[in-house]
Every structure is written in C-alpha cells, then in structure tokens.
file final-v1.tsv (TSV, C-alpha atoms)
chain	number	residue	atom	x	y	z
A	1	MET	CA	-53.57	-26.85	-9.75
A	2	SER	CA	-49.97	-28.00	-9.91
A	3	CYS	CA	-47.03	-27.03	-7.75
A	4	VAL	CA	-43.25	-27.23	-7.44
A	5	HIS	CA	-41.74	-27.41	-3.96
A	6	TYR	CA	-38.66	-25.25	-3.43
A	7	LYS	CA	-36.36	-24.43	-0.59
A	8	PHE	CA	-33.31	-22.25	-0.31
A	9	ALA	CA	-30.18	-24.17	0.65
A	10	SER	CA	-30.03	-22.27	3.94
A	11	ARG	CA	-33.61	-23.06	4.96
A	12	LEU	CA	-35.09	-26.13	6.60
A	13	ARG	CA	-38.60	-26.16	5.13
A	14	TYR	CA	-40.00	-26.18	1.62
A	15	ASP	CA	-42.33	-23.55	0.16
A	16	ARG	CA	-44.28	-24.03	-3.05
A	17	VAL	CA	-45.07	-22.29	-6.29
A	18	ILE	CA	-48.52	-22.97	-7.74
A	19	PHE	CA	-49.11	-22.95	-11.51
A	20	GLN	CA	-51.41	-24.31	-14.22
A	21	GLY	CA	-50.37	-27.30	-16.35
A	22	ARG	CA	-48.09	-30.29	-16.00
A	23	GLU	CA	-44.77	-28.44	-15.95
A	24	ILE	CA	-43.28	-24.97	-15.53
A	25	SER	CA	-40.33	-23.45	-17.37
A	26	LEU	CA	-37.22	-22.61	-15.39
A	27	SER	CA	-37.54	-18.90	-16.21
A	28	ASP	CA	-41.17	-18.83	-15.01
A	29	LEU	CA	-40.22	-20.68	-11.82
A	30	LYS	CA	-37.39	-18.22	-11.13
A	31	HIS	CA	-39.73	-15.29	-11.74
A	32	GLN	CA	-42.37	-16.67	-9.35
A	33	ILE	CA	-39.83	-17.50	-6.63
A	34	MET	CA	-38.26	-14.05	-6.89
A	35	GLY	CA	-41.71	-12.48	-6.59
A	36	ARG	CA	-42.66	-14.56	-3.55
A	37	GLU	CA	-39.34	-13.89	-1.83
A	38	LYS	CA	-39.31	-10.18	-2.80
A	39	LEU	CA	-35.96	-10.47	-4.62
A	40	LYS	CA	-34.91	-8.09	-7.40
A	41	ALA	CA	-33.55	-9.52	-10.65
A	42	SER	CA	-31.09	-6.63	-10.88
A	43	ASN	CA	-29.43	-7.66	-7.58
A	44	CYS	CA	-29.23	-11.44	-7.93
A	45	ASP	CA	-30.01	-14.52	-9.96
A	46	LEU	CA	-31.21	-17.93	-8.81
A	47	ARG	CA	-29.40	-21.22	-9.30
A	48	ILE	CA	-31.97	-24.03	-9.21
A	49	SER	CA	-31.19	-27.73	-8.98
A	50	ASN	CA	-33.20	-30.91	-8.58
A	51	ALA	CA	-33.35	-31.69	-4.84
A	52	GLN	CA	-33.18	-35.48	-5.28
A	53	MET	CA	-30.43	-35.77	-7.91
A	54	ASP	CA	-28.65	-32.43	-7.29
A	55	GLU	CA	-28.60	-31.72	-11.05
A	56	GLU	CA	-28.62	-28.03	-11.88
A	57	TYR	CA	-31.15	-26.66	-14.35
A	58	THR	CA	-29.24	-24.34	-16.70
A	59	ASP	CA	-31.56	-23.80	-19.70
A	60	ASP	CA	-34.23	-21.16	-19.00
A	61	ASN	CA	-36.58	-23.09	-21.32
A	62	ALA	CA	-36.16	-26.36	-19.38
A	63	LEU	CA	-39.46	-27.74	-18.14
A	64	ILE	CA	-39.75	-28.78	-14.52
A	65	PRO	CA	-42.54	-31.33	-13.88
A	66	LYS	CA	-45.26	-30.72	-11.33
A	67	ASN	CA	-44.71	-32.00	-7.78
A	68	SER	CA	-40.92	-31.71	-8.20
A	69	SER	CA	-38.70	-30.57	-5.35
A	70	VAL	CA	-35.89	-28.13	-6.11
A	71	THR	CA	-33.11	-26.45	-4.16
A	72	VAL	CA	-32.56	-22.74	-4.76
A	73	ARG	CA	-29.34	-20.79	-4.28
A	74	ARG	CA	-29.16	-17.03	-4.64
A	75	ILE	CA	-26.13	-15.83	-6.59
A	76	PRO	CA	-24.96	-12.29	-7.37
A	77	ALA	CA	-26.07	-10.79	-10.67
A	78	GLY	CA	-23.51	-11.53	-13.39
A	79	ARG	CA	-22.87	-7.93	-14.31
A	80	VAL	CA	-19.47	-6.62	-13.27
A	81	LYS	CA	-18.25	-3.17	-14.27
A	82	ALA	CA	-14.61	-2.96	-15.22
A	83	THR	CA	-12.62	0.12	-14.42
A	84	SER	CA	-10.48	1.72	-17.09
A	85	LYS	CA	-7.82	2.52	-14.50
A	86	THR	CA	-5.27	-0.19	-13.76
A	87	SER	CA	-3.05	-0.07	-10.69
A	88	VAL	CA	0.00	-2.26	-10.49
A	89	LEU	CA	1.20	-3.47	-7.12
A	90	SER	CA	4.42	-5.29	-6.38
A	91	ARG	CA	4.64	-8.35	-4.19
A	92	THR	CA	7.39	-10.73	-3.19
A	93	GLU	CA	6.96	-14.46	-3.70
A	94	PRO	CA	7.58	-16.35	-0.44
A	95	GLY	CA	10.73	-18.43	-0.49
A	96	SER	CA	11.94	-17.20	-3.88
A	97	GLY	CA	12.46	-13.51	-3.20
A	98	THR	CA	11.20	-12.65	-6.69
A	99	SER	CA	8.73	-9.91	-7.30
A	100	LYS	CA	5.63	-10.11	-9.54
A	101	ALA	CA	3.33	-7.41	-10.80
A	102	VAL	CA	-0.27	-7.90	-9.79
A	103	CYS	CA	-3.03	-6.20	-11.72
A	104	LYS	CA	-5.52	-4.55	-9.38
A	105	ASN	CA	-8.51	-4.80	-11.74
A	106	THR	CA	-9.14	-8.47	-11.01
A	107	ILE	CA	-11.87	-10.19	-9.08
A	108	SER	CA	-10.74	-12.82	-6.64
A	109	HIS	CA	-12.87	-15.49	-5.01
A	110	PHE	CA	-11.69	-17.34	-1.94
A	111	PHE	CA	-13.15	-20.67	-0.89
A	112	LEU	CA	-12.15	-22.49	2.27
A	113	HIS	CA	-12.96	-26.18	1.98
A	114	THR	CA	-12.98	-28.36	5.09
A	115	ALA	CA	-13.52	-32.09	4.76
A	116	PRO	CA	-16.12	-33.56	7.17
A	117	ASN	CA	-14.61	-35.14	10.30
A	118	SER	CA	-11.18	-33.81	9.39
A	119	LYS	CA	-8.92	-31.11	10.73
A	120	GLN	CA	-7.43	-30.49	7.29
A	121	CYS	CA	-8.70	-27.81	4.97
A	122	SER	CA	-7.71	-26.41	1.60
A	123	LEU	CA	-7.92	-22.89	0.27
A	124	VAL	CA	-8.95	-22.40	-3.35
A	125	LEU	CA	-8.24	-19.06	-5.03
A	126	THR	CA	-9.71	-18.11	-8.40
A	127	PHE	CA	-8.94	-14.91	-10.27
A	128	GLN	CA	-10.85	-13.33	-13.14
A	129	THR	CA	-9.38	-10.45	-15.11
A	130	LEU	CA	-11.89	-7.74	-15.97
A	131	THR	CA	-11.89	-6.63	-19.57
call {"tool": "encode", "arguments": {"input": "final-v1.tsv", "output": "structure tokens"}}
result
Amino acid sequence: MSCVHYKFASRLRYDRVIFQGREISLSDLKHQIMGREKLKASNCDLRISNAQMDEEYTDDNALIPKNSSVTVRRIPAGRVKATSKTSVLSRTEPGSGTSKAVCKNTISHFFLHTAPNSKQCSLVLTFQTLT
C-alpha cells in the first residue's frame, strides 16, 4: 500500500490517501480527497501543490510519487454565468472630476496584502469582464 499525505492550507495536521502502485495521478488524487472530505466537484475544485517546494500541480495527468506531501487549497468552480443584461453606472474619478462608465457585468476580486512585521499594506484589484 502506498499513500500521499495531504493537508488543507488552513489545517494543522496531515491526512492521507491510500492507493496501489508507486504514484497516483493528480485527477485521481483530487477525486479521492474530494470523496474523503465530502466535497462536490460542482461546487469547487482543488489546487494541489508540493508541500516542500510549493510547486503547483496543473496537469491532471501528472503523477505524484508515493509518500509525497501536498498542500490542498479549495477554489470555487470555474463556471461563471454571464448575464445578457448590462447596466452602466457613472462614477467620478477622485481628484480629476471626470466621469467614467463602469460596466456592471464584471467580476471583481479584492486582495489586501500586508507584509509581515509591517504596518503597510497594499490593495490589489482585478476585474474580469464576462462574455
């Protein structure tokens, strides 16, 4: 019997997936972890990376050797439904007084990054237009 040790980034301890052979494919590992954790593939996907080198496995056919340790992060399923209705809002740019149209059918992600041992932080905004 072979195993791969996994832990979610938010957890302190490792669990393990047991399998036959010397390695397991990334898709099989995801399937087994989702089964053990009672996660639904329609709600989320898993991002798996090597715990020692922090390299993300991206190819579902990638083989992960036995006795490896991986870190798992749950991410939302990649399916986003676009609406056919577009609403346009108006906003005023600070300092310039100019107005820009903002399309309401966009997804925005906000990340607040704080450096360790620092009182400074930066805000990163990313926008994705739905088509």
call {"tool": "closest_residue", "arguments": {"input": "final-v1.tsv", "among": "A:Ile24, A:Cys44, A:Met1, A:Ile75", "to": "Asn61 in chain A", "atoms": "only C-alpha atoms"}}
result
A:Ile24
call {"tool": "atom_distance", "arguments": {"input": "final-v1.tsv", "atom1": "CA of Gly21 in chain A", "atom2": "CA of Asp45 in chain A"}}
result
24.9 Å
call {"tool": "closest_residue", "arguments": {"input": "final-v1.tsv", "among": "A:Ile64, A:Asp59, A:Leu26, A:Ala51", "to": "Lys7 in chain A", "atoms": "only C-alpha atoms"}}
result
A:Ala51
call {"tool": "residues_around", "arguments": {"input": "final-v1.tsv", "residues": "Asn50 in chain A", "least_positions_apart": "2", "cutoff": "9 Å", "atoms": "only C-alpha atoms", "output": "CSV table (one decimal) with C-alpha atoms, in the frame of the given file"}}
result
chain,number,residue,atom,x,y,z
A,48,ILE,CA,-32.0,-24.0,-9.2
A,52,GLN,CA,-33.2,-35.5,-5.3
A,53,MET,CA,-30.4,-35.8,-7.9
A,54,ASP,CA,-28.6,-32.4,-7.3
A,55,GLU,CA,-28.6,-31.7,-11.0
A,56,GLU,CA,-28.6,-28.0,-11.9
A,57,TYR,CA,-31.2,-26.7,-14.4
A,68,SER,CA,-40.9,-31.7,-8.2
A,69,SER,CA,-38.7,-30.6,-5.4
A,70,VAL,CA,-35.9,-28.1,-6.1
A,71,THR,CA,-33.1,-26.4,-4.2
call {"tool": "residues_around", "arguments": {"input": "final-v1.tsv", "residues": "Met34 in chain A", "least_positions_apart": "4", "cutoff": "12 Å", "atoms": "all atoms listed in the file", "output": "list in words"}}
result
Tyr6, Phe8, Val17, Ser27, Asp28, Leu29, Lys30, Lys38, Leu39, Lys40, Ala41, Ser42, Asn43, Cys44, Asp45, Leu46, Arg47, Val72, Arg73 and Arg74 of chain A
call {"tool": "write_last_selection", "arguments": {"input": "final-v1.tsv", "atoms": "C-alpha atoms", "output": "mmCIF file, keeping the file's coordinate frame"}}
result
data_model
loop_
_atom_site.group_PDB
_atom_site.id
_atom_site.type_symbol
_atom_site.label_atom_id
_atom_site.label_comp_id
_atom_site.auth_asym_id
_atom_site.auth_seq_id
_atom_site.Cartn_x
_atom_site.Cartn_y
_atom_site.Cartn_z
ATOM 1 C CA TYR A 6 -38.660 -25.250 -3.430
ATOM 2 C CA PHE A 8 -33.310 -22.250 -0.310
ATOM 3 C CA VAL A 17 -45.070 -22.290 -6.290
ATOM 4 C CA SER A 27 -37.540 -18.900 -16.210
ATOM 5 C CA ASP A 28 -41.170 -18.830 -15.010
ATOM 6 C CA LEU A 29 -40.220 -20.680 -11.820
ATOM 7 C CA LYS A 30 -37.390 -18.220 -11.130
ATOM 8 C CA LYS A 38 -39.310 -10.180 -2.800
ATOM 9 C CA LEU A 39 -35.960 -10.470 -4.620
ATOM 10 C CA LYS A 40 -34.910 -8.090 -7.400
ATOM 11 C CA ALA A 41 -33.550 -9.520 -10.650
ATOM 12 C CA SER A 42 -31.090 -6.630 -10.880
ATOM 13 C CA ASN A 43 -29.430 -7.660 -7.580
ATOM 14 C CA CYS A 44 -29.230 -11.440 -7.930
ATOM 15 C CA ASP A 45 -30.010 -14.520 -9.960
ATOM 16 C CA LEU A 46 -31.210 -17.930 -8.810
ATOM 17 C CA ARG A 47 -29.400 -21.220 -9.300
ATOM 18 C CA VAL A 72 -32.560 -22.740 -4.760
ATOM 19 C CA ARG A 73 -29.340 -20.790 -4.280
ATOM 20 C CA ARG A 74 -29.160 -17.030 -4.640
#
call {"tool": "residues_near_point", "arguments": {"input": "final-v1.tsv", "point": "(-53.5, -29.8, -12.5)", "cutoff": "10 Å", "atoms": "all atoms listed in the file", "output": "PyMOL selection string"}}
result
chain A and resi 1-3+18-23+66
call {"tool": "write_last_selection", "arguments": {"input": "final-v1.tsv", "atoms": "C-alpha atoms", "output": "tab-separated table (two decimals), in the frame of the given file"}}
result
chain	number	residue	atom	x	y	z
A	1	MET	CA	-53.57	-26.85	-9.75
A	2	SER	CA	-49.97	-28.00	-9.91
A	3	CYS	CA	-47.03	-27.03	-7.75
A	18	ILE	CA	-48.52	-22.97	-7.74
A	19	PHE	CA	-49.11	-22.95	-11.51
A	20	GLN	CA	-51.41	-24.31	-14.22
A	21	GLY	CA	-50.37	-27.30	-16.35
A	22	ARG	CA	-48.09	-30.29	-16.00
A	23	GLU	CA	-44.77	-28.44	-15.95
A	66	LYS	CA	-45.26	-30.72	-11.33
call {"tool": "atom_distance", "arguments": {"input": "final-v1.tsv", "atom1": "CA of Arg11 in chain A", "atom2": "CA of Ala62 in chain A"}}
result
24.7 Å
call {"tool": "atom_distance", "arguments": {"input": "final-v1.tsv", "atom1": "CA of Ser10 in chain A", "atom2": "CA of Leu63 in chain A"}}
result
24.6 Å
call {"tool": "closest_residue", "arguments": {"input": "final-v1.tsv", "among": "A:Ser49, A:Asn67, A:Gln32, A:Ser25", "to": "Ala9 in chain A", "atoms": "only C-alpha atoms"}}
result
A:Ser49
